[in-house]
Number of protein chains: 2
Amino acid sequence: MPTVGVIGGGQLARMMIPAAITLGIDIRVLAENAGESASLATTMVGNYRNVEEVLRFAEGVDVITFDHEHVPQEVLRELVSRGISVQPSPDALQFAQDKLAMRERLAGLGLPMPEWARIDSAADLDAFLADNGGRAVVKTPRGGYDGKGVRVVGSSAEAGDWLDLGEPLLAEELVEFRRELAQLVARRPSGELVAWPVVESIQRAGVCAEVIAPAPRSMGKVADVACEIAVTVAEGLGVTGVLAVELFETTDERLLINELAMRPHNTGHWTIDGSTTSQFEQHLRAVLDLPLGATGCRDQWSVMVNILGGPVSGSLADRYPRAFADEPTVKMHNYGKDPRPGRKVGHVTASGHDLDDVVYQARAAASHFDDQNIG
Amino acid sequence: MPTVGVIGGGQLARMMIPAAITLGIDIRVLAENAGESASLATTMVGNYRNVEEVLRFAEGVDVITFDHEHVPQEVLRELVSRGISVQPSPDALQFAQDKLAMRERLAGLGLPMPEWARIDSAADLDAFLADNGGRAVVKTPRGGYDGKGVRVVGSSAEAGDWLDLGEPLLAEELVEFRRELAQLVARRPSGELVAWPVVESIQRAGVCAEVIAPAPRSMGKVADVACEIAVTVAEGLGVTGVLAVELFETTDERLLINELAMRPHNTGHWTIDGSTTSQFEQHLRAVLDLPLGATGCRDQWSVMVNILGGPVSGSLADRYPRAFADEPTVKMHNYGKDPRPGRKVGHVTASGHDLDDVVYQARAAASHFDDQNIG
């Protein structure tokens, strides 16, 4: 039986479990704590920064892959030096771990991006601000996600605390965008690559709130350019498994790369119900170097709405009687986490041929679970 | 978190696990042996005939349900007497456990069936044979499945070994049928009932080999009658959870009830990929008395082909590279069982709008796994 070891026990690892069961893959999870989202497949609770623990976890697996991008390079490289297949490889993952390294590499590939600069001092940031209309996005190159480690500033003083850390920062132009898109692809070590249709991602407070698949009015040029960009990234950086490329569609109709993720991604959750092959099944196939599955849409439209926070009291399941009765066609995904403000505790997906209907159904279902209406 | 205890660790329990993970349901399995198909959710290995063991297993669950119909009535009734929710109830399950009791009850409901008789002696069987053209199907009322406990005879001598057991037998007319159909419904304890489209089931050597959903040329009267029959059975017998009614469509266009199963059923495996709500998710919703999901088809056609036996050497996964490369749209379901001649070790499902194409794809994918071509 093929055996996949997943480092990290969050909802991405959790959603790999059904795909693993279906394909008869032995999935083992290294979680930081007992009782995390992927607990059903957790075979070890330990510290992914500790090379000895990770080596012990990796015994007997065919491949190591990830629920998150935080495993240190020295741990990853030790696994590789012991002959363990790590997918994506440390060489690829470094660009998902360090946004500055990512910008430098993507620039080398000639890919379209917002204006950006490496910032080593207040003077660097002031100069960037002067060149970019007085406002910029400043990011810590490491450890950020879901809006963390990201700040919009109008002066170098507003990033003073980060500058004081003595690490370089990344400054980016504040892009005037019409909307955000995401292009998911999957790639095998032996080279095969497939792409899902490009999707629209609606963010609120820096967090993905809704995804529409495919992105409305994205046929033709937008879809082609998004796909071409993601293929160039995947091949240029040697990514294996699922790669998500988050894109800005600018008001002047260019696509610029915002962020990368080298793992199943929130903008791909719709694929569980909406595509012939889910991103979780595909990720397992890809990291095991098995032929990839078809990526077409099952329906004209699929809309995913995140459940952010969840009920103020009680559990998601307490809301099932009303939510299920009201929306019998909507698919519920519960991550088995305790509700907490802003926390991704689940998502719903609706599919169908009328986009207005599908959006309505997905939002109506989600509204049963979110006491803080994000509408 | 809602907690469901499943008695039996086979592939039906296994396929409930992904649905349970997705809905955030705590699923616990009582398996007869370690390492069975549903091992990932197995919390106890024990004997389902032993009331003490089953009571221990049932501690803390919200409902007990089943992977098979073999749990003795005395065990079921003890659970109920302790206030444990058992779905389907022992009162309903008795009719799935005893084919003679089933025939008697269905006759009481006025439902269409093959000619049948209770057989207590060779004389009874000879009389039945004389009335039915000299040939009959003889069944042991208990313990049969997949063609076991079923025999076609032309004389009472051919059932002599079963008659000698001193238990009554069931004799049934050898129906001249055009094809076999199956109607699946799901029903909640509080009464809500939903039906999937009627399907065609193609049997080989008494075992389900392929299912076409929906059954070709079944619109209108056939679908209505099949649904009406299953609704009458579900309500008349008080079935909860998924109910499968296997039907003969006779050469003179009547539908006759062949067998019943009160659990997810092989003829419903197509729903995982082909319906908005899979029979496994629906079974969990139904036994927890949650509102039921929509039962429409995701595509015009879905075709499921069983993998019977599997590879003569090696594992199913050894065949993934060629099977996945050849059929990227087909969905593989691996039950995690060792290959053995005739054993149900997995299935594949193809979906699409052209039935010939879909049948071809499903058979082509299955052929990679079955060394004994079942043609």
# chains A, B, ... in the order shown; residues from 1 in each chain; ligands from 1
$ interface_residues --of "chain B" --to "chain A" --cutoff "7 Å" --atoms "only C-alpha atoms" --output "list in words"
Met1, Pro18, Thr22, Leu23, Gly24, Thr276, Leu290, Pro291, Leu292, Gly293, Ala294, Ala317, Pro321, Phe324, Ala325, Pro328, Thr329, Met332, His333, Asn334, Tyr335 and Gly336 of chain B
$ write_last_selection --atoms "N, CA and C atoms" --output "compact mmCIF listing (two decimals), in the first residue's frame"
# COMPACT_ATOMS: atom_id res chain seq x y z
N MET B 1 -19.88 16.57 19.23
CA MET B 1 -19.77 15.96 17.90
C MET B 1 -20.70 14.74 17.84
N PRO B 18 -15.14 8.55 4.92
CA PRO B 18 -14.96 9.86 4.30
C PRO B 18 -16.16 10.78 4.54
N THR B 22 -16.01 14.38 6.55
CA THR B 22 -16.48 15.60 5.90
C THR B 22 -17.53 16.31 6.75
N LEU B 23 -18.43 15.56 7.35
CA LEU B 23 -19.49 16.16 8.17
C LEU B 23 -19.08 16.39 9.62
N GLY B 24 -17.86 15.99 9.97
CA GLY B 24 -17.45 16.17 11.36
C GLY B 24 -18.18 15.24 12.31
N THR B 276 -25.59 14.08 -5.92
CA THR B 276 -25.31 15.21 -5.03
C THR B 276 -25.01 14.71 -3.62
N LEU B 290 -31.02 13.59 10.84
CA LEU B 290 -30.75 14.91 10.26
C LEU B 290 -31.46 15.02 8.92
N PRO B 291 -31.80 16.24 8.49
CA PRO B 291 -32.45 16.40 7.18
C PRO B 291 -31.61 15.78 6.07
N LEU B 292 -32.29 15.17 5.11
CA LEU B 292 -31.59 14.40 4.08
C LEU B 292 -31.14 15.29 2.93
N GLY B 293 -30.10 14.83 2.22
CA GLY B 293 -29.52 15.59 1.12
C GLY B 293 -30.20 15.28 -0.20
N ALA B 294 -29.95 16.16 -1.16
CA ALA B 294 -30.53 16.01 -2.49
C ALA B 294 -29.97 14.76 -3.17
N ALA B 317 -2.96 -1.17 -6.14
CA ALA B 317 -2.19 0.06 -6.37
C ALA B 317 -1.07 -0.14 -7.39
N PRO B 321 -0.53 3.13 -12.08
CA PRO B 321 0.11 3.92 -13.14
C PRO B 321 -0.56 3.76 -14.50
N PHE B 324 -4.64 4.81 -14.23
CA PHE B 324 -4.88 6.26 -14.09
C PHE B 324 -4.48 7.00 -15.37
N ALA B 325 -3.40 6.53 -16.00
CA ALA B 325 -2.97 7.20 -17.24
C ALA B 325 -4.01 6.99 -18.34
N PRO B 328 -8.23 9.04 -17.03
CA PRO B 328 -8.08 10.12 -16.03
C PRO B 328 -9.39 10.64 -15.45
N THR B 329 -10.52 10.31 -16.10
CA THR B 329 -11.80 10.81 -15.57
C THR B 329 -12.50 9.78 -14.67
N MET B 332 -11.53 5.82 -8.83
CA MET B 332 -11.14 4.53 -8.27
C MET B 332 -11.50 4.47 -6.79
N HIS B 333 -12.05 3.33 -6.36
CA HIS B 333 -12.37 3.11 -4.95
C HIS B 333 -11.77 1.79 -4.52
N ASN B 334 -10.80 1.86 -3.64
CA ASN B 334 -10.03 0.69 -3.21
C ASN B 334 -10.44 0.36 -1.78
N TYR B 335 -10.89 -0.88 -1.57
CA TYR B 335 -11.41 -1.24 -0.25
C TYR B 335 -10.33 -1.69 0.74
N GLY B 336 -9.07 -1.67 0.30
CA GLY B 336 -8.00 -2.04 1.22
C GLY B 336 -8.01 -3.50 1.61
$ select_by_dssp --residues "range 71-101 of chain A" --states "alpha helix (DSSP H)" --output "PyMOL selection string"
chain A and resi 73-81+90-97+99-101
$ atom_distance --atom1 "CA of Gln183 in chain A" --atom2 "CA of Glu210 in chain A"
14.8 Å
$ residues_around --residues "range 308-313 of chain A" --least-positions-apart "4" --cutoff "12 Å" --atoms "only C-alpha atoms" --output "MDAnalysis selection string"
chainID A and resid 146 203:205 207:210 317:320 334:348 366:375
$ residues_around --residues "Ala182 in chain B" --least-positions-apart "4" --cutoff "6 Å" --atoms "only C-alpha atoms" --output "list in words"
Val198, Val199, Val245, Glu246 and Leu247 of chain B
$ closest_residue --among "A:Ala92, A:Ala101, A:Val4, A:Leu129" --to "Ala58 in chain A" --atoms "only C-alpha atoms"
A:Val4
$ atom_distance --atom1 "CA of Val242 in chain A" --atom2 "CA of Phe280 in chain B"
27.9 Å
$ residues_around --residues "Ser89 in chain B" --least-positions-apart "2" --cutoff "10 Å" --atoms "only C-alpha atoms" --output "PDB file with N, CA and C atoms, in the first residue's frame"
ATOM      1  N   ILE B  64     -26.433   3.469  16.912  1.00  0.00           N
ATOM      2  CA  ILE B  64     -25.769   2.270  16.384  1.00  0.00           C
ATOM      3  C   ILE B  64     -26.381   1.963  15.018  1.00  0.00           C
ATOM      4  N   THR B  65     -25.497   1.728  14.026  1.00  0.00           N
ATOM      5  CA  THR B  65     -25.982   1.266  12.734  1.00  0.00           C
ATOM      6  C   THR B  65     -25.050   0.159  12.225  1.00  0.00           C
ATOM      7  N   GLN B  73     -31.028 -10.660  16.735  1.00  0.00           N
ATOM      8  CA  GLN B  73     -32.138  -9.885  17.292  1.00  0.00           C
ATOM      9  C   GLN B  73     -31.986  -9.679  18.798  1.00  0.00           C
ATOM     10  N   LEU B  76     -29.645  -6.841  19.401  1.00  0.00           N
ATOM     11  CA  LEU B  76     -30.271  -5.570  19.008  1.00  0.00           C
ATOM     12  C   LEU B  76     -31.295  -5.122  20.040  1.00  0.00           C
ATOM     13  N   ARG B  77     -32.096  -6.067  20.496  1.00  0.00           N
ATOM     14  CA  ARG B  77     -33.184  -5.706  21.422  1.00  0.00           C
ATOM     15  C   ARG B  77     -32.641  -5.323  22.800  1.00  0.00           C
ATOM     16  N   VAL B  80     -31.648  -1.699  22.468  1.00  0.00           N
ATOM     17  CA  VAL B  80     -32.831  -0.830  22.503  1.00  0.00           C
ATOM     18  C   VAL B  80     -33.372  -0.714  23.927  1.00  0.00           C
ATOM     19  N   SER B  85     -30.172   4.235  20.632  1.00  0.00           N
ATOM     20  CA  SER B  85     -30.834   4.348  19.332  1.00  0.00           C
ATOM     21  C   SER B  85     -30.196   3.356  18.367  1.00  0.00           C
ATOM     22  N   VAL B  86     -30.982   2.450  17.831  1.00  0.00           N
ATOM     23  CA  VAL B  86     -30.508   1.469  16.853  1.00  0.00           C
ATOM     24  C   VAL B  86     -31.259   1.739  15.560  1.00  0.00           C
ATOM     25  N   GLN B  87     -30.506   2.096  14.493  1.00  0.00           N
ATOM     26  CA  GLN B  87     -31.116   2.451  13.206  1.00  0.00           C
ATOM     27  C   GLN B  87     -30.458   1.663  12.087  1.00  0.00           C
ATOM     28  N   ASP B  91     -37.009  -4.180  14.797  1.00  0.00           N
ATOM     29  CA  ASP B  91     -38.296  -4.513  14.170  1.00  0.00           C
ATOM     30  C   ASP B  91     -38.208  -4.455  12.648  1.00  0.00           C
ATOM     31  N   ALA B  92     -37.469  -3.469  12.149  1.00  0.00           N
ATOM     32  CA  ALA B  92     -37.295  -3.381  10.698  1.00  0.00           C
ATOM     33  C   ALA B  92     -36.284  -4.423  10.212  1.00  0.00           C
ATOM     34  N   LEU B  93     -35.168  -4.517  10.941  1.00  0.00           N
ATOM     35  CA  LEU B  93     -34.073  -5.375  10.489  1.00  0.00           C
ATOM     36  C   LEU B  93     -34.462  -6.846  10.380  1.00  0.00           C
ATOM     37  N   GLN B  94     -35.420  -7.289  11.195  1.00  0.00           N
ATOM     38  CA  GLN B  94     -35.799  -8.711  11.147  1.00  0.00           C
ATOM     39  C   GLN B  94     -36.192  -9.130   9.730  1.00  0.00           C
ATOM     40  N   PRO B 189     -35.788   8.526  11.082  1.00  0.00           N
ATOM     41  CA  PRO B 189     -36.745   8.096  12.103  1.00  0.00           C
ATOM     42  C   PRO B 189     -37.965   9.014  12.166  1.00  0.00           C
ATOM     43  N   LEU B 237     -42.290  -1.188   6.645  1.00  0.00           N
ATOM     44  CA  LEU B 237     -41.413  -1.953   7.534  1.00  0.00           C
ATOM     45  C   LEU B 237     -40.723  -1.059   8.559  1.00  0.00           C
ATOM     46  N   GLY B 238     -40.930   0.259   8.443  1.00  0.00           N
ATOM     47  CA  GLY B 238     -40.292   1.185   9.388  1.00  0.00           C
ATOM     48  C   GLY B 238     -38.788   1.248   9.234  1.00  0.00           C
ATOM     49  N   VAL B 239     -38.312   1.163   7.992  1.00  0.00           N
ATOM     50  CA  VAL B 239     -36.862   1.180   7.756  1.00  0.00           C
ATOM     51  C   VAL B 239     -36.320   2.586   7.983  1.00  0.00           C
ATOM     52  N   THR B 240     -35.150   2.697   8.602  1.00  0.00           N
ATOM     53  CA  THR B 240     -34.423   3.964   8.687  1.00  0.00           C
ATOM     54  C   THR B 240     -33.027   3.751   8.126  1.00  0.00           C
ATOM     55  N   GLY B 241     -32.410   4.853   7.670  1.00  0.00           N
ATOM     56  CA  GLY B 241     -31.143   4.735   6.953  1.00  0.00           C
ATOM     57  C   GLY B 241     -31.432   4.416   5.503  1.00  0.00           C
TER      58      GLY B 241
END
$ residues_around --residues "range 111-122 of chain B" --least-positions-apart "5" --cutoff "6 Å" --atoms "only C-alpha atoms" --output "PyMOL selection string"
chain B and resi 106+156+168-173+256-257
$ closest_residue --among "A:Met102, A:Thr140, A:Glu249, A:Ser81" --to "Leu165 in chain A" --atoms "only C-alpha atoms"
A:Thr140
$ residues_around --residues "range 53-55 of chain B" --least-positions-apart "3" --cutoff "10 Å" --atoms "only C-alpha atoms" --output "PyMOL selection string"
chain B and resi 7+30+44-50+58-59+64+71+75-76+78-79+82+84
$ closest_residue --among "A:Leu163, A:Cys297, A:Leu288, A:Val153" --to "Trp196 in chain A" --atoms "only C-alpha atoms"
A:Cys297
$ atom_distance --atom1 "CA of Trp301 in chain B" --atom2 "CA of Ser275 in chain A"
16.2 Å
$ select_by_dssp --residues "range 85-325 of chain A" --states "strand (DSSP E)" --output "ChimeraX atom specification"
/A:116-119,136-139,150-153,169-173,177-187,193-195,199-204,207-213,241-250,255-261,301-308
